[in-house]
Every structure is written in C-alpha cells, then in structure tokens.
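Asker: Input structure: run10.txt, which contains compact mmCIF, C-alpha atoms and all ligand atoms.
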```txt
# COMPACT_ATOMS: atom_id res chain seq x y z
CA SER A 1 138.81 183.58 -14.69
CA SER A 2 136.25 184.01 -17.44
CA LYS A 3 136.47 187.81 -17.20
CA THR A 4 138.15 189.52 -20.13
CA ILE A 5 140.82 192.02 -19.29
CA LYS A 6 140.60 195.24 -21.25
CA CYS A 7 143.99 196.62 -22.21
CA CYS A 8 144.23 200.34 -21.76
CA ALA A 9 146.56 202.33 -24.00
CA SER A 10 149.90 202.83 -22.35
CA ALA A 11 150.59 206.16 -20.68
CA ARG A 12 154.26 205.73 -21.42
CA PRO A 13 156.00 208.60 -23.20
CA GLU A 14 158.42 207.71 -25.99
CA TYR A 15 161.65 206.42 -24.42
CA ILE A 16 164.77 207.95 -25.92
CA PRO A 17 168.13 207.25 -24.28
CA ASN A 18 169.85 210.43 -23.10
CA ARG A 19 166.65 212.47 -23.15
CA ILE A 20 164.19 212.91 -20.33
CA PRO A 21 160.73 213.15 -21.91
CA ASP A 22 158.62 213.71 -18.81
CA PRO A 23 160.22 214.44 -15.45
CA LEU A 24 157.37 212.68 -13.60
CA TYR A 25 157.53 209.47 -15.61
CA VAL A 26 159.20 206.59 -13.73
CA ARG A 27 160.68 203.77 -15.83
CA ILE A 28 160.22 200.22 -14.59
CA PHE A 29 163.27 198.00 -15.19
CA ASP A 30 162.41 194.38 -14.54
CA THR A 31 165.25 192.03 -13.61
CA THR A 32 163.23 188.89 -12.82
CA LEU A 33 165.05 187.05 -15.61
CA ARG A 34 168.51 188.09 -14.37
CA ASP A 35 168.66 188.94 -10.64
CA GLY A 36 165.42 187.02 -10.02
CA GLU A 37 166.91 183.94 -11.62
CA GLN A 38 169.81 184.24 -9.14
CA SER A 39 167.41 183.06 -6.39
CA PRO A 40 168.59 179.63 -5.27
CA GLY A 41 166.64 177.00 -7.19
CA ALA A 42 164.94 179.45 -9.54
CA THR A 43 166.64 178.57 -12.81
CA MET A 44 164.25 178.65 -15.75
CA THR A 45 164.35 177.10 -19.21
CA SER A 46 164.81 179.31 -22.29
CA LYS A 47 161.17 178.73 -23.24
CA GLU A 48 160.00 179.78 -19.75
CA LYS A 49 162.19 182.89 -19.93
CA LEU A 50 160.69 183.79 -23.31
CA ASP A 51 157.15 183.33 -21.96
CA ILE A 52 157.94 185.56 -18.99
CA ALA A 53 159.53 188.21 -21.23
CA ARG A 54 156.36 188.25 -23.37
CA GLN A 55 154.26 188.64 -20.24
CA LEU A 56 156.51 191.46 -18.97
CA ALA A 57 155.97 193.26 -22.29
CA LYS A 58 152.20 192.81 -21.87
CA LEU A 59 152.56 194.29 -18.39
CA GLY A 60 154.31 197.26 -20.02
CA VAL A 61 157.72 197.22 -18.33
CA ASP A 62 160.10 199.71 -19.93
CA ILE A 63 163.26 197.65 -19.72
CA ILE A 64 163.60 193.86 -19.48
CA GLU A 65 166.94 192.67 -18.12
CA ALA A 66 166.80 189.33 -19.88
CA GLY A 67 169.91 187.70 -18.43
CA PHE A 68 173.69 187.62 -18.07
CA PRO A 69 174.87 186.43 -21.51
CA ALA A 70 178.49 185.78 -20.47
CA ALA A 71 177.30 183.36 -17.76
CA SER A 72 176.57 180.51 -20.18
CA LYS A 73 175.87 179.72 -23.81
CA ASP A 74 172.29 178.94 -22.86
CA ASP A 75 171.78 182.32 -21.24
CA LEU A 76 173.27 184.07 -24.27
CA GLU A 77 170.87 182.20 -26.53
CA ALA A 78 167.89 182.91 -24.25
CA VAL A 79 168.65 186.65 -24.19
CA LYS A 80 169.18 186.67 -27.97
CA THR A 81 165.81 185.00 -28.58
CA ILE A 82 164.07 187.50 -26.28
CA ALA A 83 165.84 190.37 -28.09
CA MET A 84 164.76 189.04 -31.50
CA GLU A 85 161.16 188.30 -30.57
CA VAL A 86 159.99 190.48 -27.67
CA GLY A 87 162.47 193.23 -28.53
CA ASN A 88 160.93 193.70 -31.99
CA ASP A 89 157.29 193.31 -31.14
CA VAL A 90 156.23 196.94 -31.43
CA ASP A 91 152.61 197.48 -30.36
CA GLU A 92 150.06 199.84 -31.89
CA THR A 93 151.11 202.63 -29.50
CA GLY A 94 154.75 202.36 -30.62
CA TYR A 95 155.81 200.64 -27.40
CA VAL A 96 158.53 198.02 -27.45
CA PRO A 97 160.57 197.25 -24.33
CA VAL A 98 164.31 197.86 -24.14
CA ILE A 99 166.10 194.50 -23.93
CA CYS A 100 169.10 194.57 -21.64
CA GLY A 101 171.95 192.16 -20.93
CA LEU A 102 174.26 192.32 -17.89
CA ALA A 103 178.05 192.37 -18.24
CA ARG A 104 180.96 192.76 -15.83
CA CYS A 105 183.42 195.47 -16.81
CA ASN A 106 185.47 193.37 -19.20
CA ARG A 107 185.49 193.02 -22.98
CA ALA A 108 184.41 189.36 -23.10
CA ASP A 109 181.29 190.02 -21.03
CA ILE A 110 180.43 193.15 -22.98
CA ASP A 111 180.92 191.33 -26.31
CA ALA A 112 178.60 188.53 -25.13
CA ALA A 113 175.97 191.01 -23.93
CA TRP A 114 176.07 192.92 -27.23
CA GLU A 115 175.97 189.70 -29.26
CA ALA A 116 172.73 188.83 -27.41
CA VAL A 117 170.92 192.18 -27.25
CA LYS A 118 171.92 193.84 -30.52
CA HIS A 119 168.98 192.17 -32.33
CA ALA A 120 166.44 194.18 -30.31
CA LYS A 121 165.00 197.45 -31.56
CA ARG A 122 166.16 199.06 -28.30
CA PRO A 123 169.22 197.19 -27.02
CA ARG A 124 170.97 198.06 -23.77
CA ILE A 125 174.19 196.85 -22.15
CA HIS A 126 174.30 197.06 -18.35
CA THR A 127 177.85 196.96 -17.06
CA PHE A 128 179.01 197.06 -13.45
CA ILE A 129 182.08 197.14 -11.22
CA ALA A 130 182.32 197.28 -7.44
CA THR A 131 183.17 200.61 -5.79
CA SER A 132 183.09 199.91 -2.05
CA GLU A 133 186.44 199.60 -0.22
CA ILE A 134 185.53 196.10 0.98
CA HIS A 135 184.83 194.86 -2.57
CA MET A 136 187.74 196.69 -4.23
CA LYS A 137 190.23 195.40 -1.64
CA HIS A 138 189.06 191.81 -1.14
CA LYS A 139 187.27 190.89 -4.37
CA LEU A 140 188.77 192.99 -7.16
CA ARG A 141 192.15 193.68 -5.51
CA LYS A 142 192.29 196.98 -7.38
CA SER A 143 192.90 200.60 -6.43
CA ARG A 144 190.30 203.34 -6.86
CA GLU A 145 192.23 204.73 -9.85
CA GLU A 146 192.27 201.33 -11.54
CA VAL A 147 188.54 200.87 -10.96
CA ILE A 148 187.75 204.29 -12.47
CA GLN A 149 189.95 203.54 -15.47
CA ILE A 150 188.28 200.15 -16.09
CA ALA A 151 184.76 201.59 -15.73
CA ARG A 152 185.49 204.47 -18.13
CA ASP A 153 187.18 202.18 -20.69
CA MET A 154 184.41 199.56 -20.62
CA VAL A 155 181.58 202.08 -20.98
CA SER A 156 183.35 203.59 -23.99
CA TYR A 157 184.01 200.11 -25.33
CA ALA A 158 180.29 199.25 -25.10
CA ARG A 159 179.46 202.51 -26.91
CA SER A 160 182.12 201.78 -29.56
CA LEU A 161 180.31 198.54 -30.49
CA GLY A 162 177.32 200.61 -31.59
CA CYS A 163 175.28 200.34 -28.39
CA GLN A 164 173.73 203.75 -27.77
CA ASP A 165 172.14 202.83 -24.47
CA VAL A 166 174.64 201.87 -21.77
CA GLU A 167 173.80 201.50 -18.10
CA PHE A 168 176.52 201.60 -15.47
CA SER A 169 176.26 200.32 -11.88
CA PRO A 170 178.81 200.98 -9.13
CA GLU A 171 178.21 197.67 -7.31
CA ASP A 172 177.79 198.00 -3.53
CA ALA A 173 177.14 201.73 -3.92
CA GLY A 174 175.31 201.59 -0.57
CA ARG A 175 178.65 201.01 1.19
CA SER A 176 180.83 203.11 -1.16
CA GLU A 177 182.45 206.39 -0.21
CA LYS A 178 180.29 209.17 -1.68
CA GLU A 179 183.09 211.41 -3.04
CA PHE A 180 184.46 208.40 -4.91
CA LEU A 181 181.00 207.63 -6.29
CA TYR A 182 180.58 211.18 -7.66
CA GLN A 183 183.99 210.86 -9.31
CA ILE A 184 183.44 207.48 -11.01
CA LEU A 185 179.91 208.44 -12.07
CA GLU A 186 181.17 211.67 -13.63
CA GLU A 187 183.77 209.70 -15.59
CA VAL A 188 181.30 207.12 -16.93
CA ILE A 189 178.88 209.86 -17.99
CA LYS A 190 181.73 211.42 -19.99
CA ALA A 191 182.43 207.98 -21.48
CA GLY A 192 178.82 207.68 -22.69
CA ALA A 193 176.71 206.02 -19.96
CA THR A 194 173.01 206.87 -20.35
CA THR A 195 171.64 205.42 -17.08
CA LEU A 196 173.41 205.37 -13.72
CA ASN A 197 172.08 202.63 -11.48
CA ILE A 198 172.74 202.91 -7.74
CA PRO A 199 172.61 199.48 -6.10
CA ASP A 200 172.24 198.81 -2.41
CA THR A 201 173.80 195.44 -3.21
CA VAL A 202 173.76 194.04 0.32
CA GLY A 203 170.45 195.65 1.31
CA CYS A 204 171.96 197.42 4.32
CA LEU A 205 170.53 200.93 3.96
CA LEU A 206 167.40 202.31 5.58
CA GLU A 207 165.00 204.58 3.69
CA ASP A 208 166.36 207.98 4.70
CA GLU A 209 169.94 206.86 4.01
CA PHE A 210 169.09 205.56 0.54
CA ALA A 211 167.06 208.67 -0.31
CA GLN A 212 170.00 210.83 0.86
CA LEU A 213 172.40 208.81 -1.30
CA ILE A 214 170.28 209.43 -4.41
CA ALA A 215 169.82 213.12 -3.54
CA ASP A 216 173.58 213.57 -2.94
CA ILE A 217 174.50 211.85 -6.21
CA LYS A 218 171.98 214.05 -8.02
CA ALA A 219 173.37 217.21 -6.41
CA ASN A 220 177.09 216.46 -6.69
CA THR A 221 177.76 214.53 -9.90
CA PRO A 222 178.67 216.77 -12.85
CA GLY A 223 176.66 215.88 -15.97
CA ILE A 224 174.00 213.91 -14.07
CA GLU A 225 171.19 216.06 -15.51
CA ASN A 226 171.72 214.37 -18.89
CA VAL A 227 171.23 210.80 -17.66
CA ILE A 228 168.64 208.76 -15.80
CA ILE A 229 169.30 207.84 -12.17
CA SER A 230 168.17 204.34 -11.23
CA THR A 231 167.69 202.33 -8.02
CA HIS A 232 168.45 198.66 -7.36
CA CYS A 233 167.57 197.65 -3.80
CA GLN A 234 168.14 194.25 -2.26
CA ASN A 235 165.87 193.12 0.55
CA ASP A 236 168.23 191.84 3.25
CA LEU A 237 166.58 194.01 5.92
CA GLY A 238 163.12 193.89 4.34
CA GLN A 239 163.49 197.50 3.13
CA ALA A 240 163.83 196.98 -0.63
CA SER A 241 160.47 198.28 -1.84
CA GLY A 242 160.42 201.17 0.66
CA ASN A 243 163.98 202.17 -0.28
CA THR A 244 163.05 202.05 -3.97
CA ILE A 245 160.12 204.40 -3.42
CA ALA A 246 162.36 206.67 -1.31
CA GLY A 247 164.83 206.69 -4.21
CA ALA A 248 162.10 207.72 -6.67
CA ARG A 249 161.02 210.52 -4.34
CA ALA A 250 164.64 211.69 -4.19
CA GLY A 251 164.92 211.88 -7.99
CA ALA A 252 165.49 208.39 -9.45
CA ARG A 253 163.47 207.85 -12.63
CA GLN A 254 164.26 204.19 -13.25
CA LEU A 255 163.46 201.54 -10.63
CA GLU A 256 164.91 198.04 -10.80
CA VAL A 257 162.51 195.42 -9.48
CA THR A 258 161.47 191.79 -9.85
CA ILE A 259 158.10 190.04 -9.94
CA ASN A 260 157.22 188.68 -6.46
CA GLY A 261 160.46 190.30 -5.24
CA ILE A 262 162.55 187.22 -6.13
CA GLY A 263 166.35 187.56 -6.29
CA GLU A 264 169.66 186.91 -4.55
CA ARG A 265 169.37 186.03 -0.84
CA ALA A 266 166.29 187.86 0.54
CA GLY A 267 165.38 189.11 -2.92
CA ASN A 268 164.80 192.48 -4.56
CA ALA A 269 162.27 195.27 -4.47
CA SER A 270 159.06 193.78 -5.79
CA LEU A 271 157.52 195.20 -8.96
CA GLU A 272 153.96 194.85 -7.72
CA GLU A 273 154.66 196.66 -4.43
CA VAL A 274 156.58 199.52 -6.02
CA VAL A 275 154.16 200.01 -8.90
CA MET A 276 151.04 199.87 -6.71
CA ALA A 277 152.61 202.27 -4.20
CA ILE A 278 153.18 204.76 -7.03
CA LYS A 279 149.68 204.14 -8.40
CA THR A 280 147.91 204.59 -5.07
CA ARG A 281 150.08 207.34 -3.53
CA GLY A 282 151.92 208.92 -6.48
CA LYS A 283 149.53 211.81 -6.86
CA ALA A 284 149.02 212.45 -3.15
CA ILE A 285 152.58 212.42 -1.88
CA MET A 286 155.01 211.95 -4.77
CA GLY A 287 154.24 215.07 -6.78
CA GLY A 288 152.42 213.10 -9.49
CA LEU A 289 154.96 210.36 -10.28
CA TYR A 290 153.53 207.63 -12.52
CA THR A 291 154.60 204.50 -14.41
CA GLY A 292 153.52 202.95 -17.73
CA ILE A 293 152.58 199.60 -16.14
CA ASN A 294 149.22 198.11 -17.04
CA THR A 295 148.52 196.86 -13.52
CA LYS A 296 145.68 194.57 -14.70
CA HIS A 297 148.38 192.08 -15.73
CA ILE A 298 150.15 191.97 -12.35
CA PHE A 299 148.29 188.99 -10.91
CA MET A 300 148.79 186.77 -13.98
CA THR A 301 152.46 187.72 -14.21
CA SER A 302 152.97 186.86 -10.54
CA LYS A 303 151.30 183.46 -11.06
CA MET A 304 153.48 182.73 -14.09
CA VAL A 305 156.70 183.59 -12.23
CA THR A 306 155.61 181.48 -9.24
CA GLU A 307 154.95 178.55 -11.52
CA TYR A 308 158.16 178.81 -13.57
CA SER A 309 160.56 179.74 -10.77
CA GLY A 310 159.09 177.20 -8.35
CA LEU A 311 159.22 179.86 -5.63
CA PRO A 312 155.88 180.13 -3.80
CA VAL A 313 154.53 183.49 -2.65
CA GLN A 314 153.89 183.81 1.09
CA PRO A 315 150.14 184.19 1.83
CA HIS A 316 150.50 187.61 3.45
CA LYS A 317 152.74 189.03 0.68
CA ALA A 318 151.56 192.54 -0.23
CA ILE A 319 149.51 192.83 -3.46
CA VAL A 320 149.80 189.24 -4.75
CA GLY A 321 149.65 187.04 -1.61
CA ALA A 322 146.60 184.80 -1.19
CA ASN A 323 145.44 186.88 1.79
CA ALA A 324 146.17 190.33 0.33
CA PHE A 325 142.49 190.92 -0.47
CA SER A 326 140.84 188.62 2.10
CA HIS A 327 139.05 189.75 5.25
CA GLU A 328 138.70 187.53 8.27
CA SER A 329 137.69 189.49 11.37
CA GLY A 330 134.04 190.27 12.07
CA ILE A 331 134.65 194.02 12.35
CA HIS A 332 136.50 194.17 9.03
CA GLN A 333 133.91 191.97 7.30
CA ASP A 334 131.09 194.19 8.54
CA GLY A 335 132.97 197.27 7.24
CA MET A 336 133.66 195.63 3.85
CA LEU A 337 130.02 194.69 3.42
CA LYS A 338 129.00 198.29 4.07
CA PHE A 339 131.71 199.97 1.94
CA LYS A 340 134.80 198.38 0.37
CA GLY A 341 136.98 201.44 0.94
CA THR A 342 136.81 200.80 4.69
CA TYR A 343 139.53 198.16 4.54
CA GLU A 344 140.83 198.17 0.95
CA ILE A 345 143.10 200.91 -0.39
CA MET A 346 143.03 199.45 -3.90
CA SER A 347 140.69 197.06 -5.60
CA PRO A 348 141.76 193.53 -6.53
CA GLU A 349 140.52 194.18 -10.08
CA ASP A 350 143.29 196.81 -10.36
CA ILE A 351 145.82 193.96 -10.39
CA GLY A 352 143.63 191.66 -12.49
CA LEU A 353 142.31 189.58 -9.59
CA TYR A 354 138.61 188.72 -9.80
CA ARG A 355 137.40 187.22 -6.52
CA SER A 356 134.66 184.60 -6.61
CA ASN A 357 133.22 186.31 -3.55
CA ASP A 358 133.05 190.00 -4.24
CA SER A 359 134.01 191.32 -0.80
CA GLY A 360 136.94 188.97 -0.18
CA ILE A 361 135.27 187.70 2.95
CA VAL A 362 136.63 184.48 4.38
CA LEU A 363 134.21 182.92 6.83
CA GLY A 364 135.86 181.70 10.03
CA LYS A 365 135.56 181.87 13.79
CA LEU A 366 136.03 185.66 13.83
CA SER A 367 133.17 186.32 11.39
CA GLY A 368 130.04 188.07 12.62
CA ARG A 369 126.33 187.85 11.79
CA HIS A 370 126.53 190.37 8.96
CA ALA A 371 129.09 188.30 7.03
CA LEU A 372 127.21 185.03 7.49
CA ARG A 373 123.86 186.55 6.51
CA SER A 374 125.36 188.11 3.40
CA ARG A 375 127.01 184.80 2.33
CA LEU A 376 123.72 182.99 2.86
CA LEU A 377 121.96 185.48 0.61
CA GLU A 378 124.67 185.05 -2.05
CA LEU A 379 124.06 181.29 -1.84
CA GLY A 380 120.31 181.86 -2.21
CA TYR A 381 119.13 181.21 1.38
CA GLU A 382 116.84 183.57 3.23
CA LEU A 383 116.27 182.46 6.83
CA ASP A 384 113.85 183.90 9.38
CA SER A 385 115.43 185.34 12.48
CA LYS A 386 115.00 182.26 14.66
CA GLU A 387 116.47 179.95 11.99
CA PHE A 388 119.31 182.37 11.42
CA ASP A 389 120.04 182.61 15.14
CA ASP A 390 120.27 178.83 15.48
CA LEU A 391 122.40 178.54 12.40
CA PHE A 392 124.76 181.30 13.53
CA TRP A 393 125.64 179.53 16.80
CA ARG A 394 126.12 176.18 15.04
CA PHE A 395 128.29 177.93 12.49
CA LYS A 396 130.41 179.39 15.35
CA THR A 397 130.86 175.91 16.88
CA VAL A 398 132.08 174.47 13.58
CA ALA A 399 134.28 177.52 12.92
CA GLU A 400 136.03 177.04 16.29
CA LYS A 401 137.27 173.69 14.96
CA LYS A 402 137.91 174.49 11.26
CA LYS A 403 140.24 177.15 9.90
CA HIS A 404 137.97 178.17 7.03
CA ILE A 405 134.30 177.52 6.45
CA SER A 406 133.48 176.70 2.85
CA ASP A 407 130.19 177.14 1.03
CA GLY A 408 129.79 173.35 1.29
CA ASP A 409 130.08 173.58 5.10
CA ILE A 410 127.37 176.24 5.18
CA GLU A 411 125.08 174.19 3.00
CA ALA A 412 125.59 171.17 5.27
CA LEU A 413 124.64 173.33 8.27
CA ILE A 414 121.49 174.48 6.49
CA LEU A 415 120.47 170.92 5.66
CA ASP A 416 120.99 170.05 9.32
CA GLU A 417 118.86 173.04 10.28
CA ILE A 418 116.07 171.95 7.94
CA PHE A 419 116.11 168.30 8.89
CA GLN A 420 116.74 168.58 12.59
CA PRO A 421 113.92 167.08 14.67
O1 LIG B 501 172.88 193.89 -6.54
C1 LIG B 501 173.63 194.42 -7.40
O2 LIG B 501 174.51 195.22 -7.10
C2 LIG B 501 173.44 194.06 -8.80
C3 LIG B 501 174.12 194.91 -9.81
C4 LIG B 501 174.67 194.13 -10.92
C5 LIG B 501 173.18 195.96 -10.27
O3 LIG B 501 172.69 193.16 -9.11
```
Mind turning this structure into structure tokens?

Answerer:
Amino acid sequence: SSKTIKCCASARPEYIPNRIPDPLYVRIFDTTLRDGEQSPGATMTSKEKLDIARQLAKLGVDIIEAGFPAASKDDLEAVKTIAMEVGNDVDETGYVPVICGLARCNRADIDAAWEAVKHAKRPRIHTFIATSEIHMKHKLRKSREEVIQIARDMVSYARSLGCQDVEFSPEDAGRSEKEFLYQILEEVIKAGATTLNIPDTVGCLLEDEFAQLIADIKANTPGIENVIISTHCQNDLGQASGNTIAGARAGARQLEVTINGIGERAGNASLEEVVMAIKTRGKAIMGGLYTGINTKHIFMTSKMVTEYSGLPVQPHKAIVGANAFSHESGIHQDGMLKFKGTYEIMSPEDIGLYRSNDSGIVLGKLSGRHALRSRLLELGYELDSKEFDDLFWRFKTVAEKKKHISDGDIEALILDEIFQP
C-alpha cells in the first residue's frame, strides 16, 4: 500500500521484573519464533527469524520468545543474534523488548538459554517442567517431591547465572492437581521466579475452567502478589484465544500468543485476536485492561509470518483472514454503505489494512442495487434508471455463474449495455 503508517508513541509503562507498574497493563509475550516454529513444516531460517523479531519489536510486543537454544546450535545462534540486535535496539520512548529463551529444567538447557539471551538489555530464561500426573508418571518418571526439587533448583540456578528475570511454567497445568500447583509455584517464587506461566498444554480446558484455574492460583499461592501470572493456551478445542482473554479477566497480566495462532498441533492463542479483543472490549467489559501493541502493524506482521512460515491463513480467520473485512450479502452491503459501524466492530485501518474499496464490498450474486450503484459511481459511471435496471439484471445473471465480480466484469457489462442494438 502507498499509505504511510504513523507510529504512535507506545502506551507501555516501564517494564521492571518483580514490580507491577500498572495493574491494568497486560504484557504481550510472543512465541511465534518458539512455539510457532513447532508447527509442522514451519521451520524458518535465522535471517527470517531475525526479520520477524524486528517486526515484533515494531509491533511493540513486550517479550519475544526467540527460540529454544538447547534444541540446536542454529537455534542458539539465531536467539543470540536476536538478543544482540533486537534486544539492544532501544527506541526513543525507552522501549526495548525482553528477549527470552526456553529451557527444560536442567543445567545444560539453562546454560544454553543464558548463553543466547544474556546479550540482550532485558534477558529472560523461561524454564518448565511437567506437573500433571500423566506427564510425571509416563514422561518424567518422577515423584511430585522430585519435580518440586528440580524446579526449585533450576530456577535458583538460572538466577545464580545473573539472570534477574526467570519465568517458570508447570507444563500441562490444565490437567495438574491444583494443590500441587500452588505448592510448586510457591517454591519457585521463593527460588526467584519473576513470572509464573500457566499452560493449558493440551488445550483441553473451556473458558470458565481456565479462568477458575487462574483465579485459584492467584488466591491460593503464597507470594503470588510479587510476580506476574501468565497464560499459555493451546487451541486443540478452538478455545485458545477465548481462554487467554478469560485468563486476563481472572488476573493474568502476561499473555502468551503467536502471530496467526501458529504452533504445535492446532496452534496457540493468536496475538491479533487477543490484542484486538482487548482493544475493542477492554474498556467496556475488562475494567480498562490495555496492551502496548501498535495494532497498525498487525496486518504486515501477519503477512510476514505467513510468507516465512509457509502456513497460509484461512480466509475466514478473525482479524487477518482475507474475508475478515469483506461484505458479501446485499443486506450487509446496504448497511455498510449507509454506516460502517453497522457490520464492522473495528476498522481495517486499525490493523494497518487499507482496502482498495473503502467499504470492503465484494460484488457477487447476493449483492443488491445499492452496492452495484455505489461501485459504478466509484468507477465513474452514472446511469439513468432504465440503463441501471437493465445492467442490474445482467449483472445478476453473470454473478449467478461467477464467484466474484471484478471491476473488469462490470466494465464489460457497461460496454455491452452501450453497444447493444
Ligand atoms: O504448551 C506448553 O506447555 C508450552 C510450555 C513450554 C509453556 O509450550
């Protein structure tokens, strides 16, 4: 598009680990480059990852999870480069994203993560261990006591390396016993964790259950008032974005998301859905929650991730799908031509999408007279009522056969109208 996008100053308060600057501010933690890259077939080159990290910084995400450094030498190098470049690029408002690396709860992973992220101005290590019975018994083959001990030791180990910002995730929290969760979370807070992330790893919870889980953790974990509670929702039942919003309403102040919702299996909560839900409904029903995202960069970021990951976005995907701001039925088109608010709860410009046709009207067999007349005027044709009537019925005949009617089709119909005997 030839339109220039004006950057507005970020609304983000200064981020200081262990302190909560504004209770209504919701941090956006983007894991496109880590969990998103775990989508089958989505591996990206180091250069592509660096480009995406730069774009995420432009978008204003608070924390970029840049990868899993222990997974491969290449990933360690990619995270290190992002930490050195994007993690030191402080803008005029003082904003620079936190650069985070994932690590299992073992020394080798934590060493690799620190080696990669320590170059950033705001480095973070994110360490995790499973806490559900099914994972502890079949995957880890460890008792609850052993798991608590490992989690506590590894959080303190990460802190001992000089990392002041350590996130801990009890993997499969959605299926973990709550009393056990309170216990392990209390221990990792004492060991120095600054963010507690609560993953619904298998995406099995429904909104009220996930909200209750966050509320219960908030109410029952000693020391929780000194740390940030975070959500990480997988999309196996198509609930990820809704659960994430429910988590924020229950007290979470960091939300883990990916661009276009990419990620393991059915993916993750999608950044664009979560951020636009907070932007459009935050004041009305969330007590004024807000994020620091500059939403004007959402569309470009989505395009970049589609291109680099090779994962296309479905046309009806909320916010960034090709049809998200298109109107096909005659009744909707008539409403849109009279007042855009009739069928649009946000404007496409809010996400940086500039439509060539201002009302997003797609001419097809369901379009009415109002839509056709308005398109004709936009194309510079003013027809008298008899000519218009003839044209309208010929347009309907063509539209019965073609999915979409282009401007070229309309011009061909007009030529026919002019030259018909
Ligand atoms: O889904 C999950 O549990 C994760 C954790 C590492 C946060 O990705």

Asker: To one decimal place in Å, what is the distance between CA of Gly162 in chain A and CA of Leu102 in chain A?

Answerer: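 Answer for the CA of Gly162 in chain A to CA of Leu102 in chain A separation: 16.3 Å.
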
Asker: Please, what distance in Å, to one decimal, runs between CA of Asp62 in chain A and CA of Gly94 in chain A?

Answerer: 12.2 Å

Asker: Residues at most 6 Å from ligand LIG 501 (chain B), using only C-alpha atoms and all ligand atoms? Could they come as a list in words?

Answerer: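 My answer, listing the contacting residues, is Phe128, Ser169, Glu171, Asp172, Pro199 and Thr201 of chain A.
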
Asker: Might you pull out every residue within 10 Å of range 237-254 of chain A, with all atoms listed in the file counted and same-chain residues fewer than 4 positions away left off, and present them as a VMD selection string?

Answerer: chain A and resid 20 22 to 29 62 to 63 195 to 198 200 202 to 218 227 to 233 261 266 to 275 277 to 278 282 285 to 287 289 to 291

Asker: Compile the contact shell of Tyr182 in chain A as a list in words: residues with an atom at most 10 Å away, counting only C-alpha atoms, same-chain residues fewer than 2 positions apart removed.

Answerer: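 The filter keeps Glu177, Lys178, Glu179, Phe180, Ile184, Leu185, Glu186, Glu187, Asp216, Ile217, Lys218, Ala219, Asn220, Thr221, Pro222 and Ile224 of chain A.
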
Asker: Which distance in Å separates CA of Ser326 in chain A and CA of Glu349 in chain A, to one decimal?

Answerer: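 Taking CA of Ser326 in chain A as the start and CA of Glu349 in chain A as the end point, the length is 13.4 Å.
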
Asker: Point out the residue among A:Ala103, A:Ile259, A:Leu372, A:Ile361 with the least atom-to-atom distance to Ile319 in chain A, counting only C-alpha atoms.

Answerer: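 Checking each candidate against Ile319 in chain A, we get A:Ile259 as the closest.
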
Asker: Using all atoms listed in the file for the distances, tell me which of A:Asp416, A:Asp153, A:Glu145, A:Glu264 is nearest to Gln183 in chain A.

Answerer: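 Closest to Gln183 in chain A, using all atoms listed in the file: A:Glu145.
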
Asker: Hey, which of A:Phe68, A:Glu225, A:Leu76, A:Met304 ends up closest to Leu56 in chain A? Count all atoms listed in the file.

Answerer: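 Under the stated criterion, the closest residue is A:Met304.
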
Asker: Quick one: residues within 8 Å of Ala57 in chain A, all atoms listed in the file, excluding same-chain residues fewer than 6 positions away - as a list in words?

Answerer: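 So, after excluding close chain neighbours, the residues are Val86, Val96 and Pro97 of chain A.
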
Asker: For a cutoff of 12 Å around the file-coordinate point (136.5, 184.1, 2.6), which residues qualify once you count only C-alpha atoms? I'd like the result as a PyMOL selection string.

Answerer: chain A and resi 322-330+332-333+336+355-367+371-372+374-375+403-407

Asker: Contacts of range 408-415 of chain A at 12 Å or less, counting only C-alpha atoms, minus same-chain residues fewer than 5 places along, as an NGL selection string?

Answerer: :A and (363-364 or 372-373 or 375-383 or 387-399 or 402-403 or 420-421)

Asker: Could you give me the centre and size, in Å to one decimal, of an axis-aligned box around all listed atoms of range 360-375 of chain A with 3 Å added on every side, as AutoDock Vina command-line options?

Answerer:
```
--center_x 130.4 --center_y 186.0 --center_z 6.8 --size_x 19.1 --size_y 14.7 --size_z 20.0
```

Asker: Compare A:Met84, A:Ala193, A:Ile129, A:Ala318 by their minimum atom-to-atom distance to Ser176 in chain A, counting all atoms listed in the file, and give me the closest one.

Answerer: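 Distance minimum relative to Ser176 in chain A lands on A:Ile129.
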
Asker: Go through A:Ser385, A:Ser347, A:Ser132, A:Thr306 one by one, measure the shortest atom-to-atom distance of each to Ala42 in chain A using all atoms listed in the file, and give the residue with the smallest value.

Answerer: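 Using all atoms listed in the file, the shortest distance to Ala42 in chain A belongs to A:Thr306.
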
Asker: Tell me which of A:Leu255, A:Val320, A:Leu59, A:Ile345 sits closest to Thr31 in chain A, counting only C-alpha atoms.

Answerer: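 So, comparing all the options, the nearest one is A:Leu255.
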
Asker: Quick one: residues within 9 Å of Val155 in chain A, only C-alpha atoms, excluding same-chain residues fewer than 6 positions away - as a list in words?

Answerer: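 Close residues of Val155 in chain A: Cys105, Thr127, Val166, Glu167, Phe168, Val188, Ile189, Ala191, Gly192 and Ala193 of chain A.
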
Asker: Can you save range 152-163 of chain A of the given block to a file, including N, CA and C atoms and formatted as a short mmCIF file (atom, residue, chain, number, x, y, z; two decimals), in the first residue's frame?

Answerer:
```
data_model
loop_
_atom_site.label_atom_id
_atom_site.label_comp_id
_atom_site.auth_asym_id
_atom_site.auth_seq_id
_atom_site.Cartn_x
_atom_site.Cartn_y
_atom_site.Cartn_z
N ARG A 152 12.68 -26.03 41.79
CA ARG A 152 13.27 -25.04 42.71
C ARG A 152 14.76 -24.85 42.38
N ASP A 153 15.48 -25.99 42.22
CA ASP A 153 16.93 -25.92 41.99
C ASP A 153 17.23 -25.22 40.66
N MET A 154 16.43 -25.49 39.64
CA MET A 154 16.75 -24.92 38.31
C MET A 154 16.39 -23.43 38.23
N VAL A 155 15.34 -23.03 38.94
CA VAL A 155 15.06 -21.58 38.97
C VAL A 155 16.20 -20.88 39.70
N SER A 156 16.63 -21.44 40.84
CA SER A 156 17.75 -20.75 41.53
C SER A 156 19.01 -20.81 40.70
N TYR A 157 19.20 -21.91 39.95
CA TYR A 157 20.40 -21.98 39.11
C TYR A 157 20.38 -20.86 38.05
N ALA A 158 19.20 -20.68 37.42
CA ALA A 158 19.09 -19.63 36.40
C ALA A 158 19.39 -18.27 37.03
N ARG A 159 18.85 -18.03 38.23
CA ARG A 159 19.13 -16.75 38.90
C ARG A 159 20.62 -16.62 39.23
N SER A 160 21.25 -17.76 39.61
CA SER A 160 22.66 -17.69 40.02
C SER A 160 23.57 -17.32 38.85
N LEU A 161 23.10 -17.52 37.61
CA LEU A 161 23.93 -17.16 36.44
C LEU A 161 23.95 -15.65 36.21
N GLY A 162 23.03 -14.95 36.90
CA GLY A 162 22.96 -13.49 36.73
C GLY A 162 21.68 -13.08 36.02
N CYS A 163 20.81 -14.04 35.71
CA CYS A 163 19.56 -13.71 35.04
C CYS A 163 18.54 -13.26 36.09
#
```
